[in-house]
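The data block below is input23.cif; it holds mmCIF, N, CA and C atoms and all ligand atoms.
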```
data_work
#
loop_
_atom_site.label_atom_id
_atom_site.label_comp_id
_atom_site.auth_asym_id
_atom_site.auth_seq_id
_atom_site.Cartn_x
_atom_site.Cartn_y
_atom_site.Cartn_z
N MET D 1 12.58 198.84 35.57
CA MET D 1 13.52 197.92 36.21
C MET D 1 14.89 197.98 35.51
N ALA D 2 15.94 198.18 36.30
CA ALA D 2 17.29 198.25 35.74
C ALA D 2 17.94 196.86 35.71
N ILE D 3 19.01 196.75 34.96
CA ILE D 3 19.78 195.51 34.95
C ILE D 3 20.30 195.20 36.36
N ASP D 4 20.29 193.95 36.74
CA ASP D 4 20.79 193.52 38.04
C ASP D 4 22.33 193.46 37.99
N PRO D 5 23.02 194.33 38.74
CA PRO D 5 24.49 194.32 38.68
C PRO D 5 25.11 193.05 39.28
N GLN D 6 24.31 192.29 39.98
CA GLN D 6 24.78 191.00 40.54
C GLN D 6 24.33 189.82 39.69
N PHE D 7 24.02 190.08 38.41
CA PHE D 7 23.46 189.03 37.57
C PHE D 7 24.35 187.79 37.49
N HIS D 8 25.67 188.02 37.58
CA HIS D 8 26.60 186.89 37.45
C HIS D 8 26.52 185.96 38.65
N GLU D 9 25.95 186.44 39.76
CA GLU D 9 25.72 185.59 40.92
C GLU D 9 24.29 185.07 40.95
N ASN D 10 23.37 185.85 40.39
CA ASN D 10 21.95 185.51 40.48
C ASN D 10 21.42 184.74 39.28
N ARG D 11 22.22 184.67 38.21
CA ARG D 11 21.77 183.97 37.00
C ARG D 11 22.78 182.91 36.60
N GLU D 12 22.36 182.06 35.69
CA GLU D 12 23.27 181.03 35.18
C GLU D 12 23.63 181.32 33.74
N LYS D 13 24.90 181.02 33.41
CA LYS D 13 25.37 181.14 32.04
C LYS D 13 24.72 180.03 31.24
N VAL D 14 23.99 180.39 30.21
CA VAL D 14 23.25 179.36 29.47
C VAL D 14 23.72 179.22 28.03
N ASP D 15 24.52 180.17 27.56
CA ASP D 15 24.88 180.09 26.14
C ASP D 15 26.09 180.99 25.87
N ASP D 16 26.56 180.89 24.64
CA ASP D 16 27.64 181.74 24.15
C ASP D 16 27.14 182.34 22.84
N HIS D 17 27.34 183.66 22.67
CA HIS D 17 26.88 184.31 21.44
C HIS D 17 27.99 185.19 20.90
N GLU D 18 28.52 184.85 19.75
CA GLU D 18 29.57 185.66 19.11
C GLU D 18 30.74 185.93 20.07
N GLY D 19 31.08 184.95 20.90
CA GLY D 19 32.24 185.09 21.77
C GLY D 19 31.98 185.69 23.14
N HIS D 20 30.72 186.06 23.43
CA HIS D 20 30.41 186.53 24.79
C HIS D 20 29.34 185.65 25.42
N ASP D 21 29.27 185.75 26.76
CA ASP D 21 28.36 184.90 27.52
C ASP D 21 26.91 185.39 27.41
N VAL D 22 25.99 184.45 27.56
CA VAL D 22 24.57 184.77 27.69
C VAL D 22 24.08 184.19 29.01
N TRP D 23 23.44 185.06 29.81
CA TRP D 23 22.97 184.69 31.14
C TRP D 23 21.45 184.57 31.11
N GLY D 24 20.93 183.41 31.49
CA GLY D 24 19.50 183.12 31.41
C GLY D 24 18.69 183.79 32.50
N PRO D 25 17.40 183.52 32.55
CA PRO D 25 16.73 182.56 31.67
C PRO D 25 16.47 183.11 30.27
N VAL D 26 16.51 182.19 29.30
CA VAL D 26 16.22 182.54 27.91
C VAL D 26 15.06 181.67 27.43
N GLU D 27 14.04 182.33 26.91
CA GLU D 27 12.88 181.65 26.36
C GLU D 27 12.49 182.42 25.10
N GLU D 28 13.14 182.13 23.99
CA GLU D 28 12.93 182.91 22.77
C GLU D 28 11.50 182.73 22.25
N PRO D 29 10.91 183.74 21.65
CA PRO D 29 11.50 185.06 21.37
C PRO D 29 11.23 186.10 22.46
N GLU D 30 10.42 185.76 23.47
CA GLU D 30 10.00 186.80 24.44
C GLU D 30 11.06 187.11 25.49
N GLN D 31 11.89 186.13 25.85
CA GLN D 31 12.85 186.33 26.94
C GLN D 31 14.25 185.99 26.42
N LEU D 32 15.15 186.99 26.46
CA LEU D 32 16.45 186.82 25.80
C LEU D 32 17.63 186.87 26.77
N GLY D 33 17.41 187.22 28.03
CA GLY D 33 18.48 187.19 29.02
C GLY D 33 19.45 188.37 28.90
N ILE D 34 20.62 188.20 29.53
CA ILE D 34 21.66 189.23 29.55
C ILE D 34 22.81 188.77 28.67
N HIS D 35 23.26 189.67 27.77
CA HIS D 35 24.41 189.37 26.92
C HIS D 35 25.64 190.10 27.43
N GLY D 36 26.76 189.37 27.52
CA GLY D 36 28.03 189.97 27.95
C GLY D 36 28.27 189.79 29.43
N THR D 37 29.53 190.01 29.83
CA THR D 37 29.90 189.88 31.24
C THR D 37 30.61 191.14 31.73
N HIS D 38 31.70 191.53 31.10
CA HIS D 38 32.35 192.81 31.41
C HIS D 38 31.41 193.96 31.02
N VAL D 39 30.91 193.92 29.80
CA VAL D 39 29.85 194.84 29.35
C VAL D 39 28.58 194.02 29.20
N ALA D 40 27.63 194.24 30.11
CA ALA D 40 26.44 193.41 30.13
C ALA D 40 25.22 194.22 29.72
N VAL D 41 24.44 193.68 28.79
CA VAL D 41 23.21 194.32 28.33
C VAL D 41 22.04 193.38 28.60
N ASP D 42 21.07 193.87 29.37
CA ASP D 42 19.87 193.07 29.61
C ASP D 42 18.95 193.24 28.41
N PHE D 43 18.93 192.22 27.57
CA PHE D 43 18.13 192.29 26.33
C PHE D 43 16.65 192.42 26.63
N ASP D 44 16.22 192.01 27.81
CA ASP D 44 14.79 192.09 28.14
C ASP D 44 14.39 193.48 28.60
N ILE D 45 15.38 194.36 28.82
CA ILE D 45 15.12 195.75 29.17
C ILE D 45 15.39 196.67 27.97
N CYS D 46 16.36 196.32 27.14
CA CYS D 46 16.79 197.14 26.00
C CYS D 46 15.59 197.47 25.09
N ILE D 47 15.48 198.79 24.76
CA ILE D 47 14.39 199.24 23.86
C ILE D 47 14.96 199.70 22.51
N ALA D 48 16.24 199.39 22.25
CA ALA D 48 16.88 199.75 20.98
C ALA D 48 16.94 201.26 20.77
N ASP D 49 17.19 201.97 21.83
CA ASP D 49 17.34 203.44 21.74
C ASP D 49 18.53 203.81 20.85
N GLY D 50 19.64 203.11 21.00
CA GLY D 50 20.80 203.32 20.13
C GLY D 50 21.84 204.28 20.65
N ALA D 51 21.62 204.91 21.79
CA ALA D 51 22.60 205.87 22.31
C ALA D 51 23.94 205.20 22.59
N CYS D 52 23.92 203.99 23.05
CA CYS D 52 25.19 203.29 23.36
C CYS D 52 25.98 203.05 22.07
N LEU D 53 25.29 202.68 20.99
CA LEU D 53 26.01 202.48 19.73
C LEU D 53 26.64 203.77 19.23
N GLU D 54 25.90 204.88 19.40
CA GLU D 54 26.40 206.17 18.92
C GLU D 54 27.56 206.68 19.78
N ASP D 55 27.49 206.47 21.08
CA ASP D 55 28.43 207.12 21.99
C ASP D 55 29.65 206.30 22.35
N CYS D 56 29.60 204.99 22.25
CA CYS D 56 30.76 204.19 22.65
C CYS D 56 31.97 204.55 21.79
N PRO D 57 33.07 205.00 22.42
CA PRO D 57 34.23 205.46 21.64
C PRO D 57 35.00 204.34 20.96
N VAL D 58 34.75 203.10 21.35
CA VAL D 58 35.52 201.99 20.77
C VAL D 58 34.61 200.94 20.10
N ASP D 59 33.36 201.33 19.81
CA ASP D 59 32.43 200.49 19.04
C ASP D 59 32.25 199.08 19.60
N VAL D 60 31.93 199.04 20.88
CA VAL D 60 31.68 197.74 21.52
C VAL D 60 30.37 197.10 21.01
N PHE D 61 29.37 197.95 20.69
CA PHE D 61 28.02 197.43 20.42
C PHE D 61 27.73 197.26 18.94
N GLU D 62 26.93 196.24 18.66
CA GLU D 62 26.40 196.01 17.31
C GLU D 62 24.93 195.63 17.45
N TRP D 63 24.12 196.01 16.46
CA TRP D 63 22.71 195.62 16.48
C TRP D 63 22.57 194.13 16.18
N VAL D 64 21.66 193.49 16.91
CA VAL D 64 21.22 192.14 16.52
C VAL D 64 19.69 192.19 16.47
N ASP D 65 19.12 191.42 15.58
CA ASP D 65 17.67 191.38 15.45
C ASP D 65 17.05 190.55 16.56
N SER D 66 15.91 191.02 17.04
CA SER D 66 15.19 190.30 18.09
C SER D 66 13.70 190.29 17.76
N PRO D 67 13.33 189.64 16.64
CA PRO D 67 11.93 189.66 16.22
C PRO D 67 11.02 189.09 17.29
N ASP D 68 9.88 189.76 17.47
CA ASP D 68 8.83 189.33 18.39
C ASP D 68 9.19 189.48 19.86
N HIS D 69 10.28 190.21 20.17
CA HIS D 69 10.53 190.53 21.57
C HIS D 69 9.60 191.68 21.96
N PRO D 70 8.99 191.61 23.16
CA PRO D 70 8.01 192.64 23.54
C PRO D 70 8.58 194.06 23.63
N GLU D 71 9.86 194.26 23.90
CA GLU D 71 10.40 195.61 24.06
C GLU D 71 10.90 196.22 22.77
N SER D 72 11.53 195.44 21.90
CA SER D 72 12.09 196.00 20.66
C SER D 72 12.52 194.88 19.72
N GLU D 73 12.58 195.25 18.43
CA GLU D 73 12.90 194.28 17.38
C GLU D 73 14.40 194.17 17.11
N GLN D 74 15.18 194.99 17.85
CA GLN D 74 16.64 194.93 17.77
C GLN D 74 17.19 195.09 19.18
N LYS D 75 18.43 194.60 19.38
CA LYS D 75 19.09 194.77 20.67
C LYS D 75 20.53 195.22 20.45
N ALA D 76 21.05 195.97 21.44
CA ALA D 76 22.45 196.42 21.38
C ALA D 76 23.33 195.34 21.98
N ASP D 77 23.97 194.59 21.10
CA ASP D 77 24.77 193.44 21.52
C ASP D 77 26.21 193.88 21.84
N PRO D 78 26.76 193.53 23.02
CA PRO D 78 28.14 193.91 23.34
C PRO D 78 29.14 193.00 22.61
N ALA D 79 29.09 193.06 21.29
CA ALA D 79 29.83 192.12 20.45
C ALA D 79 31.33 192.21 20.63
N ASN D 80 31.81 193.40 20.98
CA ASN D 80 33.26 193.60 21.12
C ASN D 80 33.60 194.03 22.55
N GLU D 81 33.07 193.31 23.53
CA GLU D 81 33.22 193.77 24.92
C GLU D 81 34.68 193.81 25.35
N ALA D 82 35.55 193.02 24.75
CA ALA D 82 36.97 193.03 25.13
C ALA D 82 37.64 194.37 24.82
N GLN D 83 37.02 195.17 23.93
CA GLN D 83 37.60 196.47 23.57
C GLN D 83 37.24 197.57 24.57
N CYS D 84 36.34 197.29 25.50
CA CYS D 84 35.82 198.32 26.42
C CYS D 84 36.94 198.97 27.22
N ILE D 85 36.88 200.30 27.32
CA ILE D 85 37.87 201.06 28.09
C ILE D 85 37.25 201.65 29.37
N ASP D 86 36.08 201.15 29.73
CA ASP D 86 35.44 201.52 31.01
C ASP D 86 35.16 203.01 31.16
N CYS D 87 34.77 203.66 30.09
CA CYS D 87 34.46 205.09 30.18
C CYS D 87 33.10 205.34 30.81
N MET D 88 32.24 204.34 30.81
CA MET D 88 30.91 204.38 31.44
C MET D 88 29.88 205.24 30.70
N LEU D 89 30.23 205.70 29.50
CA LEU D 89 29.28 206.50 28.72
C LEU D 89 27.99 205.74 28.44
N CYS D 90 28.12 204.48 28.06
CA CYS D 90 26.93 203.71 27.70
C CYS D 90 25.99 203.57 28.89
N VAL D 91 26.58 203.37 30.08
CA VAL D 91 25.77 203.24 31.29
C VAL D 91 25.02 204.55 31.54
N ASP D 92 25.70 205.67 31.34
CA ASP D 92 25.09 206.98 31.59
C ASP D 92 24.00 207.32 30.58
N VAL D 93 24.16 206.95 29.32
CA VAL D 93 23.20 207.38 28.30
C VAL D 93 22.02 206.45 28.11
N CYS D 94 22.12 205.23 28.58
CA CYS D 94 21.01 204.28 28.36
C CYS D 94 19.77 204.77 29.10
N PRO D 95 18.67 205.03 28.37
CA PRO D 95 17.48 205.61 29.01
C PRO D 95 16.72 204.63 29.89
N VAL D 96 17.01 203.34 29.77
CA VAL D 96 16.26 202.34 30.55
C VAL D 96 17.16 201.53 31.48
N ASP D 97 18.42 201.99 31.65
CA ASP D 97 19.36 201.31 32.56
C ASP D 97 19.49 199.82 32.25
N ALA D 98 19.67 199.53 30.97
CA ALA D 98 19.81 198.13 30.55
C ALA D 98 21.26 197.65 30.57
N ILE D 99 22.22 198.58 30.81
CA ILE D 99 23.64 198.23 30.67
C ILE D 99 24.36 198.35 32.00
N ASP D 100 25.23 197.38 32.29
CA ASP D 100 26.11 197.47 33.45
C ASP D 100 27.53 197.11 32.98
N VAL D 101 28.50 197.93 33.41
CA VAL D 101 29.90 197.69 33.02
C VAL D 101 30.72 197.52 34.28
N ASP D 102 31.51 196.44 34.34
CA ASP D 102 32.36 196.19 35.51
C ASP D 102 33.58 195.42 35.04
N ALA D 103 34.71 196.13 35.03
CA ALA D 103 35.95 195.52 34.56
C ALA D 103 36.35 194.33 35.43
N GLY D 104 36.01 194.37 36.70
CA GLY D 104 36.37 193.28 37.61
C GLY D 104 35.59 192.01 37.36
N ARG D 105 34.60 192.10 36.51
CA ARG D 105 33.73 190.96 36.25
C ARG D 105 34.10 190.25 34.95
N ALA D 106 35.12 190.71 34.28
CA ALA D 106 35.45 190.19 32.94
C ALA D 106 35.81 188.72 32.98
S1 LIG R 201 31.96 201.72 29.12
FE1 LIG R 201 32.57 203.07 27.40
S2 LIG R 201 34.00 201.83 26.19
FE2 LIG R 201 32.89 200.41 27.54
S3 LIG R 201 31.15 199.70 26.29
FE3 LIG R 201 30.44 201.46 27.50
S4 LIG R 201 30.71 203.24 26.13
FE4 LIG R 201 31.95 201.55 25.29
#
```
Let me see the structure of the file written as structure tokens.
Amino acid sequence: MAIDPQFHENREKVDDHEGHDVWGPVEEPEQLGIHGTHVAVDFDICIADGACLEDCPVDVFEWVDSPDHPESEQKADPANEAQCIDCMLCVDVCPVDAIDVDAGRA
């Protein structure tokens, strides 16, 4: 299952994390929702592959710990989403389609 590109219409903003939005539902530790809006990462799909951290030319992503999450113990957090230059590399390299980027959604 890929990230829902209409998440901003289908989900509710439930929190703020390090300056970016968190879209629910969130039920820690098993369900963590979507982090970010312009650069959105579905934490419940992310398997901590790390390709986005390696490939992003402007270092948008940072690891955050996600102990006891069923998919992975770390997540790629779009901590610096305001720096995104819309190159779409992260969307292309993510093996589980956990990332969606849309400048119009910022
Ligand atoms: S679209 Fe490009 S610049 Fe934006 S977060 Fe993804 S890899 Fe980084």
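For the choices D:Asp59, D:Asp15, D:Leu53, D:Phe7, the atom-to-atom distance to Asn80 (chain D) is smallest for D:Asp59 when using all atoms listed in the file.
Residues surrounding Gln83 (chain D) within 12 Å are His38, Val39, Cys56, Pro57, Val58, Asp59, Val60, Phe61, Pro78, Ala79, Asn80, Glu81, Ile85, Asp86, Cys87, Ala103 and Ala106 of chain D [only C-alpha atoms; sequence separation below 2 positions excluded].
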Inset, instruction - Counting only N, CA and C atoms, note down every residue that has an atom within 7 Å of the point (26.6, 199.9, 33.4) (file coordinates), as a list of chain:residue names. - result: D:Ala40, D:Met88, D:Cys90, D:Val91, D:Asp92, D:Ala98, D:Ile99, D:Asp100, D:Val101, D:Asp102
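Residue nearest ligand LIG 201 (chain R), chosen from D:Glu9, D:Asp65, D:Glu30, D:Asp55 and counting all atoms listed in the file: D:Asp55.
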Inset, instruction - Rounded to one decimal place, report the CA of Gln31 (chain D)-atom FE4 of ligand LIG 201 (chain R) distance in Å. - result: 24.5 Å
Once you add 8 Å to each side, what are the centre and edge lengths of the axis-aligned box holding all listed atoms of ligand LIG 201 (chain R)? One decimal in Å, as AutoDock Vina command-line options, if you can.
```
--center_x 32.2 --center_y 201.5 --center_z 27.2 --size_x 19.6 --size_y 19.5 --size_z 19.8
```
Legend entry - Distance query Val96 (chain D) at most 7 Å, all atoms listed in the file, self and fewer than 4 positions along chain excluded, as a PyMOL selection string: chain D and resi 1-3+45-47
Inset, instruction - Tell me, in Å to one decimal, how far CA of Asp97 (chain D) is from atom N of Ala48 (chain D). - result: 10.9 Å
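With only C-alpha atoms and all ligand atoms as the atoms that count, the minimum distance from ligand LIG 201 (chain R) to the choices D:Ser66, D:Asn10, D:Gln74, D:Thr37 is reached by D:Thr37.
Note that DSSP on the backbone gives alpha helix (DSSP H) to these residues of chain D: Phe7, His8, Glu9, Asn10, Ala51, Cys52, Leu53, Glu54, Asp55, Leu89, Cys90, Val91, Asp92 and Val93 of chain D.
Among the candidate residues D:His17, D:Ala82, D:His69, D:Gly50, the one lying nearest to Leu32 (chain D) is D:His69, with distances computed using only N, CA and C atoms.
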Legend entry - Non-local contacts of Pro29 (chain D) (6.5 Å; only N, CA and C atoms; under 4 positions in same chain excluded) as a ChimeraX atom specification: /D:67-70
Inset, instruction - Could you jot down the CA of Ile34 (chain D) to CA of Val22 (chain D) separation for me, Å, one decimal place? - result: 5.6 Å
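You can rank D:Cys94, D:Gly36, D:Leu89, D:Arg105 by their closest distance to ligand LIG 201 (chain R) using only C-alpha atoms and all ligand atoms, and at the top of that list sits D:Leu89.
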Inset, instruction - Would you please give, as a list in words, all residues of chain D that DSSP assigns to strand (DSSP E) based on the backbone? - result: Lys13, Val14, Asp15, Asp16, His17, His20, Asp21, Val22, Trp23, Ile34, His35, Val39, Ala40, Val41, Asp42, Glu62, Trp63, Val64, Asp65, Gln74, Lys75, Ala76, Asp77, Ile99, Asp100 and Val101 of chain D
Using the selection just defined, write its residues with N, CA and C atoms as an mmCIF file, in the frame of the given file.
```cif
data_model
loop_
_atom_site.group_PDB
_atom_site.id
_atom_site.type_symbol
_atom_site.label_atom_id
_atom_site.label_comp_id
_atom_site.auth_asym_id
_atom_site.auth_seq_id
_atom_site.Cartn_x
_atom_site.Cartn_y
_atom_site.Cartn_z
ATOM 1 N N LYS D 13 24.900 181.020 33.410
ATOM 2 C CA LYS D 13 25.370 181.140 32.040
ATOM 3 C C LYS D 13 24.720 180.030 31.240
ATOM 4 N N VAL D 14 23.990 180.390 30.210
ATOM 5 C CA VAL D 14 23.250 179.360 29.470
ATOM 6 C C VAL D 14 23.720 179.220 28.030
ATOM 7 N N ASP D 15 24.520 180.170 27.560
ATOM 8 C CA ASP D 15 24.880 180.090 26.140
ATOM 9 C C ASP D 15 26.090 180.990 25.870
ATOM 10 N N ASP D 16 26.560 180.890 24.640
ATOM 11 C CA ASP D 16 27.640 181.740 24.150
ATOM 12 C C ASP D 16 27.140 182.340 22.840
ATOM 13 N N HIS D 17 27.340 183.660 22.670
ATOM 14 C CA HIS D 17 26.880 184.310 21.440
ATOM 15 C C HIS D 17 27.990 185.190 20.900
ATOM 16 N N HIS D 20 30.720 186.060 23.430
ATOM 17 C CA HIS D 20 30.410 186.530 24.790
ATOM 18 C C HIS D 20 29.340 185.650 25.420
ATOM 19 N N ASP D 21 29.270 185.750 26.760
ATOM 20 C CA ASP D 21 28.360 184.900 27.520
ATOM 21 C C ASP D 21 26.910 185.390 27.410
ATOM 22 N N VAL D 22 25.990 184.450 27.560
ATOM 23 C CA VAL D 22 24.570 184.770 27.690
ATOM 24 C C VAL D 22 24.080 184.190 29.010
ATOM 25 N N TRP D 23 23.440 185.060 29.810
ATOM 26 C CA TRP D 23 22.970 184.690 31.140
ATOM 27 C C TRP D 23 21.450 184.570 31.110
ATOM 28 N N ILE D 34 20.620 188.200 29.530
ATOM 29 C CA ILE D 34 21.660 189.230 29.550
ATOM 30 C C ILE D 34 22.810 188.770 28.670
ATOM 31 N N HIS D 35 23.260 189.670 27.770
ATOM 32 C CA HIS D 35 24.410 189.370 26.920
ATOM 33 C C HIS D 35 25.640 190.100 27.430
ATOM 34 N N VAL D 39 30.910 193.920 29.800
ATOM 35 C CA VAL D 39 29.850 194.840 29.350
ATOM 36 C C VAL D 39 28.580 194.020 29.200
ATOM 37 N N ALA D 40 27.630 194.240 30.110
ATOM 38 C CA ALA D 40 26.440 193.410 30.130
ATOM 39 C C ALA D 40 25.220 194.220 29.720
ATOM 40 N N VAL D 41 24.440 193.680 28.790
ATOM 41 C CA VAL D 41 23.210 194.320 28.330
ATOM 42 C C VAL D 41 22.040 193.380 28.600
ATOM 43 N N ASP D 42 21.070 193.870 29.370
ATOM 44 C CA ASP D 42 19.870 193.070 29.610
ATOM 45 C C ASP D 42 18.950 193.240 28.410
ATOM 46 N N GLU D 62 26.930 196.240 18.660
ATOM 47 C CA GLU D 62 26.400 196.010 17.310
ATOM 48 C C GLU D 62 24.930 195.630 17.450
ATOM 49 N N TRP D 63 24.120 196.010 16.460
ATOM 50 C CA TRP D 63 22.710 195.620 16.480
ATOM 51 C C TRP D 63 22.570 194.130 16.180
ATOM 52 N N VAL D 64 21.660 193.490 16.910
ATOM 53 C CA VAL D 64 21.220 192.140 16.520
ATOM 54 C C VAL D 64 19.690 192.190 16.470
ATOM 55 N N ASP D 65 19.120 191.420 15.580
ATOM 56 C CA ASP D 65 17.670 191.380 15.450
ATOM 57 C C ASP D 65 17.050 190.550 16.560
ATOM 58 N N GLN D 74 15.180 194.990 17.850
ATOM 59 C CA GLN D 74 16.640 194.930 17.770
ATOM 60 C C GLN D 74 17.190 195.090 19.180
ATOM 61 N N LYS D 75 18.430 194.600 19.380
ATOM 62 C CA LYS D 75 19.090 194.770 20.670
ATOM 63 C C LYS D 75 20.530 195.220 20.450
ATOM 64 N N ALA D 76 21.050 195.970 21.440
ATOM 65 C CA ALA D 76 22.450 196.420 21.380
ATOM 66 C C ALA D 76 23.330 195.340 21.980
ATOM 67 N N ASP D 77 23.970 194.590 21.100
ATOM 68 C CA ASP D 77 24.770 193.440 21.520
ATOM 69 C C ASP D 77 26.210 193.880 21.840
ATOM 70 N N ILE D 99 22.220 198.580 30.810
ATOM 71 C CA ILE D 99 23.640 198.230 30.670
ATOM 72 C C ILE D 99 24.360 198.350 32.000
ATOM 73 N N ASP D 100 25.230 197.380 32.290
ATOM 74 C CA ASP D 100 26.110 197.470 33.450
ATOM 75 C C ASP D 100 27.530 197.110 32.980
ATOM 76 N N VAL D 101 28.500 197.930 33.410
ATOM 77 C CA VAL D 101 29.900 197.690 33.020
ATOM 78 C C VAL D 101 30.720 197.520 34.280
#
```
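Minimum distance to ligand LIG 201 (chain R) across D:Ser72, D:Cys84, D:Arg11, D:Asp77 (counting all atoms listed in the file) occurs at D:Cys84.
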